[in-house]
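Data file: target-v8.txt. Format and content: compact mmCIF, C-alpha atoms and all ligand atoms.
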# COMPACT_ATOMS: atom_id res chain seq x y z
CA MET A 23 16.19 -12.61 10.60
CA GLU A 24 13.42 -12.63 7.99
CA THR A 25 13.35 -9.82 5.46
CA VAL A 26 10.31 -7.63 4.84
CA VAL A 27 9.65 -5.44 1.80
CA SER A 28 6.73 -3.19 1.05
CA GLY A 29 5.99 -0.01 -0.84
CA ILE A 30 3.21 2.33 -1.82
CA ARG A 31 2.80 3.91 -5.21
CA SER A 32 3.42 7.63 -5.03
CA THR A 33 0.33 8.87 -6.84
CA GLY A 34 -0.83 11.25 -4.10
CA LYS A 35 -1.27 11.55 -0.37
CA LEU A 36 -1.84 8.49 1.81
CA HIS A 37 -5.40 7.68 2.89
CA LEU A 38 -6.84 5.60 5.72
CA GLY A 39 -6.78 2.50 3.46
CA ASN A 40 -3.04 2.79 2.94
CA TYR A 41 -2.56 3.50 6.61
CA TYR A 42 -4.57 0.66 8.13
CA GLY A 43 -3.95 -1.77 5.25
CA ALA A 44 -0.21 -1.28 5.08
CA VAL A 45 1.61 1.42 7.06
CA THR A 46 0.50 0.44 10.59
CA ASN A 47 1.99 -2.99 9.91
CA PHE A 48 5.23 -1.40 8.66
CA VAL A 49 5.59 0.43 11.95
CA LYS A 50 5.13 -2.72 14.01
CA MET A 51 7.32 -4.90 11.81
CA GLN A 52 10.35 -2.63 11.96
CA ASN A 53 11.05 -3.81 15.50
CA GLU A 54 11.11 -7.49 14.64
CA TYR A 55 12.37 -7.84 11.08
CA ASN A 56 14.93 -6.63 8.60
CA CYS A 57 12.65 -4.12 6.88
CA TYR A 58 12.76 -2.30 3.54
CA PHE A 59 10.00 0.25 2.97
CA PHE A 60 10.03 2.22 -0.25
CA ILE A 61 8.16 4.79 -2.30
CA ALA A 62 7.10 3.22 -5.59
CA ASP A 63 7.74 6.16 -7.90
CA LEU A 64 8.57 3.97 -10.91
CA HIS A 65 5.14 2.38 -10.56
CA SER A 66 3.58 5.84 -10.47
CA LEU A 67 4.88 6.54 -14.01
CA THR A 68 2.03 4.47 -15.45
CA THR A 69 -0.20 7.46 -14.63
CA HIS A 70 2.04 9.94 -16.55
CA PRO A 71 2.67 12.51 -13.77
CA THR A 72 4.23 15.88 -14.60
CA PRO A 73 7.83 16.27 -13.30
CA ALA A 74 6.61 18.57 -10.51
CA ASP A 75 3.84 16.18 -9.46
CA LEU A 76 6.21 13.22 -9.56
CA HIS A 77 8.53 14.80 -7.02
CA GLY A 78 5.72 16.26 -4.91
CA ASN A 79 4.03 12.89 -4.56
CA VAL A 80 7.26 11.13 -3.58
CA LYS A 81 7.65 13.75 -0.87
CA HIS A 82 4.09 13.19 0.40
CA VAL A 83 4.65 9.49 0.84
CA LEU A 84 8.11 9.87 2.39
CA VAL A 85 6.84 12.48 4.85
CA GLU A 86 3.78 10.42 5.74
CA TYR A 87 5.82 7.24 6.28
CA LEU A 88 7.98 9.15 8.75
CA ALA A 89 4.98 10.85 10.38
CA ALA A 90 3.34 7.45 10.86
CA GLY A 91 6.37 6.32 12.84
CA ILE A 92 8.66 4.45 10.45
CA ASP A 93 12.07 4.95 11.95
CA PRO A 94 14.93 5.34 9.42
CA GLU A 95 17.36 3.98 12.01
CA LYS A 96 15.41 0.74 12.29
CA ALA A 97 14.00 0.25 8.78
CA THR A 98 15.51 1.09 5.41
CA ILE A 99 13.33 3.77 3.79
CA TYR A 100 14.11 4.58 0.16
CA VAL A 101 12.81 5.87 -3.14
CA GLN A 102 12.45 3.07 -5.69
CA SER A 103 14.04 5.04 -8.56
CA ASP A 104 17.20 5.55 -6.48
CA ILE A 105 17.90 1.84 -6.90
CA PRO A 106 18.64 1.17 -10.61
CA GLU A 107 19.16 -2.53 -9.85
CA ILE A 108 15.37 -2.86 -9.44
CA SER A 109 14.84 -1.83 -13.07
CA GLU A 110 17.53 -4.25 -14.18
CA LEU A 111 15.95 -7.18 -12.34
CA TYR A 112 12.56 -6.15 -13.76
CA LEU A 113 14.02 -6.48 -17.26
CA TYR A 114 15.33 -9.99 -16.58
CA LEU A 115 12.04 -11.11 -15.01
CA ASN A 116 10.09 -9.70 -17.96
CA MET A 117 11.74 -12.25 -20.25
CA ASN A 118 9.86 -14.99 -18.43
CA ALA A 119 6.58 -13.23 -17.77
CA TYR A 120 3.91 -14.24 -20.25
CA LEU A 121 1.31 -12.08 -21.89
CA GLY A 122 -1.57 -14.37 -20.93
CA GLU A 123 -0.85 -14.37 -17.22
CA LEU A 124 -0.23 -10.61 -17.15
CA GLU A 125 -3.49 -9.93 -18.97
CA ARG A 126 -5.37 -12.09 -16.48
CA SER A 127 -4.33 -10.01 -13.44
CA THR A 128 -7.39 -8.37 -11.87
CA SER A 129 -5.67 -5.04 -11.34
CA PHE A 130 -4.73 -4.92 -15.04
CA LYS A 131 -8.28 -5.78 -16.09
CA ASP A 132 -9.59 -3.05 -13.77
CA LYS A 133 -7.27 -0.48 -15.35
CA VAL A 134 -8.24 -1.51 -18.88
CA ARG A 135 -11.81 -0.87 -17.87
CA SER A 136 -11.22 2.38 -15.98
CA GLN A 137 -8.65 4.01 -18.28
CA PRO A 138 -9.04 2.55 -21.79
CA ASP A 139 -7.00 5.42 -23.31
CA ASN A 140 -3.86 4.63 -21.35
CA VAL A 141 -3.32 0.87 -21.37
CA ASN A 142 0.47 1.04 -21.51
CA ALA A 143 3.04 -1.77 -21.25
CA GLY A 144 4.05 -0.51 -17.81
CA LEU A 145 0.57 -1.30 -16.54
CA LEU A 146 0.72 -4.76 -18.05
CA THR A 147 4.08 -5.52 -16.42
CA TYR A 148 3.27 -3.76 -13.13
CA PRO A 149 3.32 -7.09 -11.24
CA VAL A 150 6.75 -7.90 -12.68
CA LEU A 151 8.20 -4.66 -11.34
CA MET A 152 6.52 -5.37 -8.02
CA ALA A 153 8.07 -8.86 -7.96
CA ALA A 154 11.49 -7.29 -8.62
CA ASP A 155 10.94 -4.87 -5.69
CA ILE A 156 10.31 -7.76 -3.36
CA ILE A 157 12.67 -10.49 -4.41
CA ILE A 158 15.62 -8.13 -4.90
CA HIS A 159 16.01 -8.18 -1.10
CA LYS A 160 14.96 -11.86 -0.91
CA ALA A 161 12.00 -10.85 1.23
CA THR A 162 9.59 -13.46 2.61
CA LYS A 163 7.03 -11.17 4.22
CA VAL A 164 5.16 -8.34 2.50
CA PRO A 165 2.76 -6.19 4.55
CA VAL A 166 -0.03 -5.13 2.16
CA GLY A 167 -3.79 -4.80 2.05
CA LYS A 168 -6.16 -7.43 0.69
CA ASP A 169 -6.14 -6.00 -2.86
CA GLN A 170 -2.46 -6.97 -3.32
CA GLU A 171 -2.80 -10.70 -2.70
CA GLN A 172 -2.83 -11.62 -6.37
CA HIS A 173 0.29 -9.57 -7.02
CA LEU A 174 2.09 -11.56 -4.37
CA GLU A 175 1.06 -14.78 -5.96
CA MET A 176 2.59 -13.48 -9.19
CA ALA A 177 5.78 -12.48 -7.36
CA ARG A 178 6.09 -16.07 -6.14
CA THR A 179 5.50 -17.34 -9.67
CA PHE A 180 8.23 -15.13 -11.18
CA GLY A 181 10.75 -15.94 -8.44
CA ASN A 182 10.06 -19.66 -8.70
CA ARG A 183 10.27 -19.54 -12.47
CA PHE A 184 13.71 -17.97 -12.27
CA ASN A 185 14.81 -20.65 -9.81
CA ARG A 186 13.52 -23.43 -12.04
CA MET A 187 14.91 -21.97 -15.24
CA TYR A 188 18.44 -21.79 -13.86
CA ASN A 189 18.10 -24.76 -11.57
CA VAL A 190 18.93 -22.80 -8.43
CA GLU A 191 17.23 -22.18 -5.11
CA TYR A 192 17.93 -18.51 -5.13
CA PHE A 193 14.75 -16.49 -4.48
CA PRO A 194 12.59 -17.44 -1.47
CA GLU A 195 8.79 -17.19 -1.71
CA PRO A 196 7.23 -13.95 -0.46
CA TYR A 197 3.81 -13.94 1.24
CA ALA A 198 1.41 -11.16 2.17
CA PHE A 199 1.56 -10.36 5.87
CA THR A 200 -0.59 -8.62 8.46
CA PHE A 201 -0.71 -8.63 12.24
CA SER A 202 -4.51 -8.89 12.21
CA GLU A 203 -6.15 -12.23 11.50
CA LYS A 204 -7.08 -11.29 7.93
CA LEU A 205 -5.63 -8.94 5.33
CA VAL A 206 -7.32 -5.58 5.77
CA LYS A 207 -9.74 -3.98 3.33
CA VAL A 208 -10.73 -0.47 4.33
CA PRO A 209 -13.98 0.48 2.57
CA GLY A 210 -14.50 3.84 0.91
CA LEU A 211 -16.99 6.41 2.13
CA ASP A 212 -19.16 5.86 -0.95
CA GLY A 213 -19.95 2.24 -0.08
CA LYS A 214 -18.94 1.04 -3.55
CA GLY A 215 -15.77 -0.80 -2.64
CA LYS A 216 -12.34 -0.09 -1.20
CA MET A 217 -11.07 3.28 -0.17
CA GLY A 218 -8.72 4.49 -2.90
CA LYS A 219 -7.15 7.57 -4.37
CA SER A 220 -8.65 6.98 -7.76
CA GLU A 221 -12.13 5.97 -6.62
CA GLY A 222 -13.60 9.44 -6.91
CA GLU A 223 -13.83 12.64 -4.90
CA GLY A 224 -14.91 12.24 -1.28
CA ASN A 225 -14.40 8.46 -1.17
CA ALA A 226 -11.05 8.63 0.64
CA VAL A 227 -10.04 10.31 3.88
CA PHE A 228 -6.41 11.38 3.70
CA LEU A 229 -4.05 11.39 6.68
CA SER A 230 -3.38 15.06 6.05
CA ASP A 231 -7.03 16.09 5.71
CA THR A 232 -7.98 18.80 8.19
CA PRO A 233 -10.70 18.06 10.78
CA GLU A 234 -13.12 20.28 8.83
CA VAL A 235 -12.52 18.34 5.62
CA ILE A 236 -12.94 15.01 7.41
CA ARG A 237 -16.24 16.15 8.94
CA LYS A 238 -17.47 17.33 5.56
CA LYS A 239 -16.56 14.10 3.77
CA VAL A 240 -18.12 11.86 6.40
CA MET A 241 -21.31 13.88 6.73
CA ARG A 242 -21.71 13.72 2.96
CA ALA A 243 -21.45 9.93 2.88
CA VAL A 244 -24.63 8.45 1.46
CA THR A 245 -26.97 6.61 3.85
CA ASP A 246 -30.50 5.28 3.41
CA GLY A 247 -33.88 5.83 5.04
CA GLY A 248 -32.82 3.71 8.04
CA PRO A 249 -33.57 0.13 9.08
CA THR A 250 -37.22 -0.88 9.16
CA GLU A 251 -36.92 -4.31 10.74
CA GLU A 252 -34.98 -5.29 13.85
CA ASN A 253 -31.63 -7.00 13.21
CA GLN A 254 -31.84 -6.60 9.46
CA ALA A 255 -28.69 -6.97 7.34
CA LYS A 256 -26.92 -3.71 6.53
CA PRO A 257 -26.77 -2.61 2.89
CA ASP A 258 -23.28 -1.84 1.43
CA ALA A 259 -23.67 1.92 1.82
CA ILE A 260 -24.20 1.49 5.60
CA GLN A 261 -21.94 -1.48 6.22
CA ASN A 262 -18.96 0.53 4.94
CA LEU A 263 -19.48 3.18 7.63
CA PHE A 264 -19.74 0.51 10.33
CA ASP A 265 -16.56 -1.12 9.01
CA LEU A 266 -14.80 2.24 9.20
CA MET A 267 -16.10 2.74 12.73
CA LYS A 268 -14.76 -0.66 13.71
CA ILE A 269 -11.33 0.52 12.60
CA VAL A 270 -11.16 4.00 14.15
CA SER A 271 -13.55 3.90 17.12
CA SER A 272 -13.55 2.02 20.42
CA ALA A 273 -15.34 -1.33 20.69
CA ASP A 274 -17.93 0.30 22.98
CA THR A 275 -18.77 3.01 20.50
CA TYR A 276 -19.11 0.44 17.75
CA SER A 277 -21.48 -1.78 19.71
CA HIS A 278 -23.50 1.22 20.87
CA PHE A 279 -24.33 2.18 17.27
CA ASP A 280 -24.66 -1.42 16.15
CA GLU A 281 -27.31 -1.96 18.83
CA LEU A 282 -29.14 1.20 17.84
CA TYR A 283 -29.16 -0.01 14.25
CA ASN A 284 -30.46 -3.41 15.26
CA LYS A 285 -33.24 -1.80 17.30
CA CYS A 286 -34.10 0.55 14.39
CA GLN A 287 -33.25 3.53 16.58
CA ILE A 288 -30.12 4.74 14.85
CA ARG A 289 -29.84 8.38 13.82
CA TYR A 290 -27.36 8.53 10.97
CA GLY A 291 -26.47 12.15 11.73
CA ASP A 292 -25.21 11.23 15.23
CA PHE A 293 -23.56 8.09 13.92
CA LYS A 294 -21.61 9.96 11.24
CA LYS A 295 -20.68 12.75 13.63
CA GLN A 296 -19.14 10.21 15.97
CA LEU A 297 -17.35 8.46 13.11
CA ALA A 298 -15.87 11.76 11.90
CA GLU A 299 -14.69 12.72 15.40
CA ASP A 300 -13.03 9.33 15.90
CA MET A 301 -11.29 9.62 12.53
CA ILE A 302 -10.02 13.02 13.58
CA VAL A 303 -8.71 11.66 16.87
CA ALA A 304 -7.04 8.73 15.08
CA THR A 305 -5.26 11.03 12.63
CA ASN A 306 -4.50 14.01 14.92
CA PRO A 307 -0.96 13.03 15.90
CA LEU A 308 -0.12 12.27 12.27
CA ARG A 309 -1.38 15.59 10.95
CA GLU A 310 0.86 17.58 13.25
CA ARG A 311 3.92 15.55 12.42
CA ILE A 312 3.24 15.66 8.67
CA ASN A 313 3.47 19.44 8.76
CA ASP A 314 6.67 19.47 10.83
CA ILE A 315 8.48 16.86 8.77
CA ALA A 316 7.40 18.32 5.42
CA SER A 317 9.15 21.58 6.23
CA ASN A 318 12.42 19.89 7.22
CA SER A 319 14.24 19.45 3.90
CA ASP A 320 17.57 18.63 5.53
CA TYR A 321 16.04 15.72 7.38
CA LEU A 322 14.30 14.39 4.26
CA ARG A 323 17.55 14.61 2.30
CA LYS A 324 19.42 12.74 5.02
CA VAL A 325 16.79 10.01 5.34
CA SER A 326 16.54 9.34 1.61
CA LYS A 327 20.33 9.31 1.16
CA LEU A 328 20.85 6.87 4.02
CA GLY A 329 18.01 4.66 2.76
CA ALA A 330 19.29 4.62 -0.81
CA GLU A 331 22.74 3.56 0.40
CA LYS A 332 21.42 0.72 2.51
CA ALA A 333 18.94 -0.50 -0.15
CA ARG A 334 21.57 -0.34 -2.89
CA ALA A 335 24.00 -2.41 -0.87
CA SER A 336 21.42 -5.19 -0.64
CA ALA A 337 20.17 -4.82 -4.24
CA SER A 338 23.58 -4.72 -5.88
CA LYS A 339 24.66 -7.87 -4.07
CA THR A 340 21.60 -9.68 -5.46
CA LEU A 341 22.16 -8.37 -8.98
CA GLU A 342 25.79 -9.45 -8.97
CA GLU A 343 24.65 -12.97 -8.13
CA VAL A 344 21.73 -12.89 -10.56
CA ARG A 345 24.00 -11.84 -13.45
CA LYS A 346 26.29 -14.72 -12.66
CA ILE A 347 23.38 -17.19 -12.52
CA ILE A 348 22.03 -15.94 -15.86
CA GLY A 349 25.45 -16.37 -17.44
CA PHE A 350 26.72 -12.86 -18.05
CA LYS A 351 30.52 -12.99 -18.00
CA ARG A 352 33.29 -10.48 -18.39
CA PHE A 353 35.94 -11.01 -21.09
P1 LIG A 401 -4.65 3.25 -3.97
O1 LIG A 401 -5.56 2.08 -4.12
O2 LIG A 401 -5.27 4.36 -3.23
O3 LIG A 401 -4.00 3.66 -5.26
P2 LIG A 401 -2.29 1.78 -3.45
O4 LIG A 401 -2.79 0.83 -4.47
O5 LIG A 401 -1.10 2.59 -3.80
O6 LIG A 401 -3.47 2.73 -3.04
O7 LIG A 401 -2.03 0.97 -2.12
C1 LIG A 401 -0.89 1.03 -1.31
C2 LIG A 401 -0.99 0.07 -0.16
O8 LIG A 401 -2.13 0.37 0.62
C3 LIG A 401 -1.14 -1.42 -0.55
O9 LIG A 401 -0.52 -2.24 0.42
C4 LIG A 401 -2.62 -1.63 -0.51
O10 LIG A 401 -2.96 -2.98 -0.26
C5 LIG A 401 -3.01 -0.74 0.66
N1 LIG A 401 -4.37 -0.26 0.48
C6 LIG A 401 -4.82 0.66 -0.41
N2 LIG A 401 -6.14 0.86 -0.29
C7 LIG A 401 -6.54 0.04 0.71
C8 LIG A 401 -7.79 -0.21 1.33
N3 LIG A 401 -8.87 0.44 0.97
N4 LIG A 401 -7.84 -1.14 2.32
C9 LIG A 401 -6.73 -1.79 2.71
N5 LIG A 401 -5.52 -1.60 2.18
C10 LIG A 401 -5.41 -0.69 1.19
N1 LIG A 402 1.39 -2.52 -5.90
C1 LIG A 402 1.45 -1.89 -4.63
C2 LIG A 402 0.21 -1.02 -4.47
O1 LIG A 402 -0.43 -0.58 -5.39
C3 LIG A 402 2.66 -1.03 -4.43
C4 LIG A 402 3.89 -1.82 -4.52
C5 LIG A 402 4.81 -1.75 -5.52
C6 LIG A 402 4.36 -2.80 -3.59
N2 LIG A 402 5.84 -2.62 -5.26
C7 LIG A 402 5.57 -3.28 -4.11
C8 LIG A 402 3.86 -3.30 -2.41
C9 LIG A 402 6.31 -4.25 -3.44
C10 LIG A 402 4.59 -4.28 -1.75
C11 LIG A 402 5.81 -4.75 -2.25
O2 LIG A 402 -0.10 -0.75 -3.40
Could you spell out this file's structure in structure tokens?
Ligand code: ADP
Ligand code: TRP
Amino acid sequence: METVVSGIRSTGKLHLGNYYGAVTNFVKMQNEYNCYFFIADLHSLTTHPTPADLHGNVKHVLVEYLAAGIDPEKATIYVQSDIPEISELYLYLNMNAYLGELERSTSFKDKVRSQPDNVNAGLLTYPVLMAADIIIHKATKVPVGKDQEQHLEMARTFGNRFNRMYNVEYFPEPYAFTFSEKLVKVPGLDGKGKMGKSEGEGNAVFLSDTPEVIRKKVMRAVTDGGPTEENQAKPDAIQNLFDLMKIVSSADTYSHFDELYNKCQIRYGDFKKQLAEDMIVATNPLRERINDIASNSDYLRKVSKLGAEKARASASKTLEEVRKIIGFKRF
């Protein structure tokens, strides 16, 4: 059976981008593959969280994974920092990761631009740690959103480089995976790009947002004066709302508003109201379960312990073999 690995950085609560880009695929994949889903808390250290925030954010992601329907009996769910072998493999891979290629990664360049005061080495080697996460379980399929494609290419590069260096065929190549025909990119409410935690207040709708908050965020989304010509192309700040509607609403609802737009009869107030209500319906079952699971500490303890045991079994087997391949020997 093919192995699947994916994770989400624990820098806050999950939003609709994380959910439709990644987590909905996790839930489907757990029935067909050998799945490892983790909470990337080591990756979150690049943002310098306080100890309390670090733990709180790990809990958010763990709870929301479970609320979304990842089943700890089917998939292995674990916290990245519980598996020290990942850090060890990261160290080995770093020896063959070159400054030039790391500096060229788009996500690194974005961070240099957006946070010039905190360009730390962890950010630079972020794709190396991500490669370690994936290849430690010899995964071939990685459910992620569109923005992670380049990281996967780097994971293949680092795995292949290890194979070539030691003349082995040890790590298989991992590829991004989705059940839809293309990798998903969920736009943000501001129409400036993808939905993301760090893209500014009001851009992201979180799975745990209350209906009132969702309505407020959607109604505040910027629109324009409306179309003036029939069938005219939609500007970014309108297209994003249609893209979101395509994701959360029925096909009929979508074509209803699309037709109104094309006939220059759309009323953005009605359109946004409908979008907000459909987002609420899509997230309703999650919201209830998030609250239940978050208050069940015993369950969370059990799930993370079981996951850590299963993930460590797989990771330590790989590291034993990797150490041998590299040439570490006991006297
Ligand atoms: P954020 O961008 O909010 O920090 P992450 O980078 O931690 O979120 O993303 C975690 C997972 O969710 C990745 O698989 C990523 O591809 C996916 N993801 C995040 N934002 C989006 C989005 N707007 N559209 C599709 N997938 C997304
Ligand atoms: N880089 C991913 C993100 O920002 C999170 C991540 C870390 C990941 N390690 C991974 C995703 C391994 C898939 C596989 O979303």
Near-region 208-215 of chain A list (8 Å; only C-alpha atoms; drop same-chain fewer than 6 positions) as number ranges by chain: A: 38-39, 42-43, 224-226, 239-240, 243-244, 258-263, 265-266
Radius query 12 Å about (22.1, 1.8, 4.4), atoms used: only C-alpha atoms, as a PyMOL selection string: chain A and resi 56-58+94-100+324-337
Selection within 7 Å of ligand LIG 402 (chain A) by all atoms listed in the file, output as a PyMOL selection string: chain A and resi 27-31+62+65+151-153+155-156+164-166+170
Minimum-distance residue to Gln102 (chain A), chosen among A:Ser32, A:Thr68, A:Thr46, A:Asn118 (using all atoms listed in the file): A:Ser32
Residue with smallest distance to Phe201 (chain A) - pool A:His77, A:Gly167, A:Phe279, A:Arg352, counting only C-alpha atoms: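 Answer, going by the shortest atom-to-atom distance: A:Gly167.
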Residue among A:Gln296, A:Ser129, A:Thr162, A:Asn40 lying closest to Tyr55 (chain A), counting only C-alpha atoms: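 Among the listed residues, the smallest separation from Tyr55 (chain A) belongs to A:Thr162.
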Please give the centre and size of the box around region 228-245 of chain A (axis-aligned, containing every atom listed in the file, 8 Å added per side), with values in Å to one decimal and written as lines of an AutoDock Vina configuration file.
center_x = -15.2
center_y = 13.4
center_z = 6.1
size_x = 39.6
size_y = 29.7
size_z = 25.3
Residue among A:Val206, A:Ala154, A:Ala143, A:Val134 lying closest to ligand LIG 401 (chain A), counting all atoms listed in the file: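 The closest residue to ligand LIG 401 (chain A) is A:Val206.
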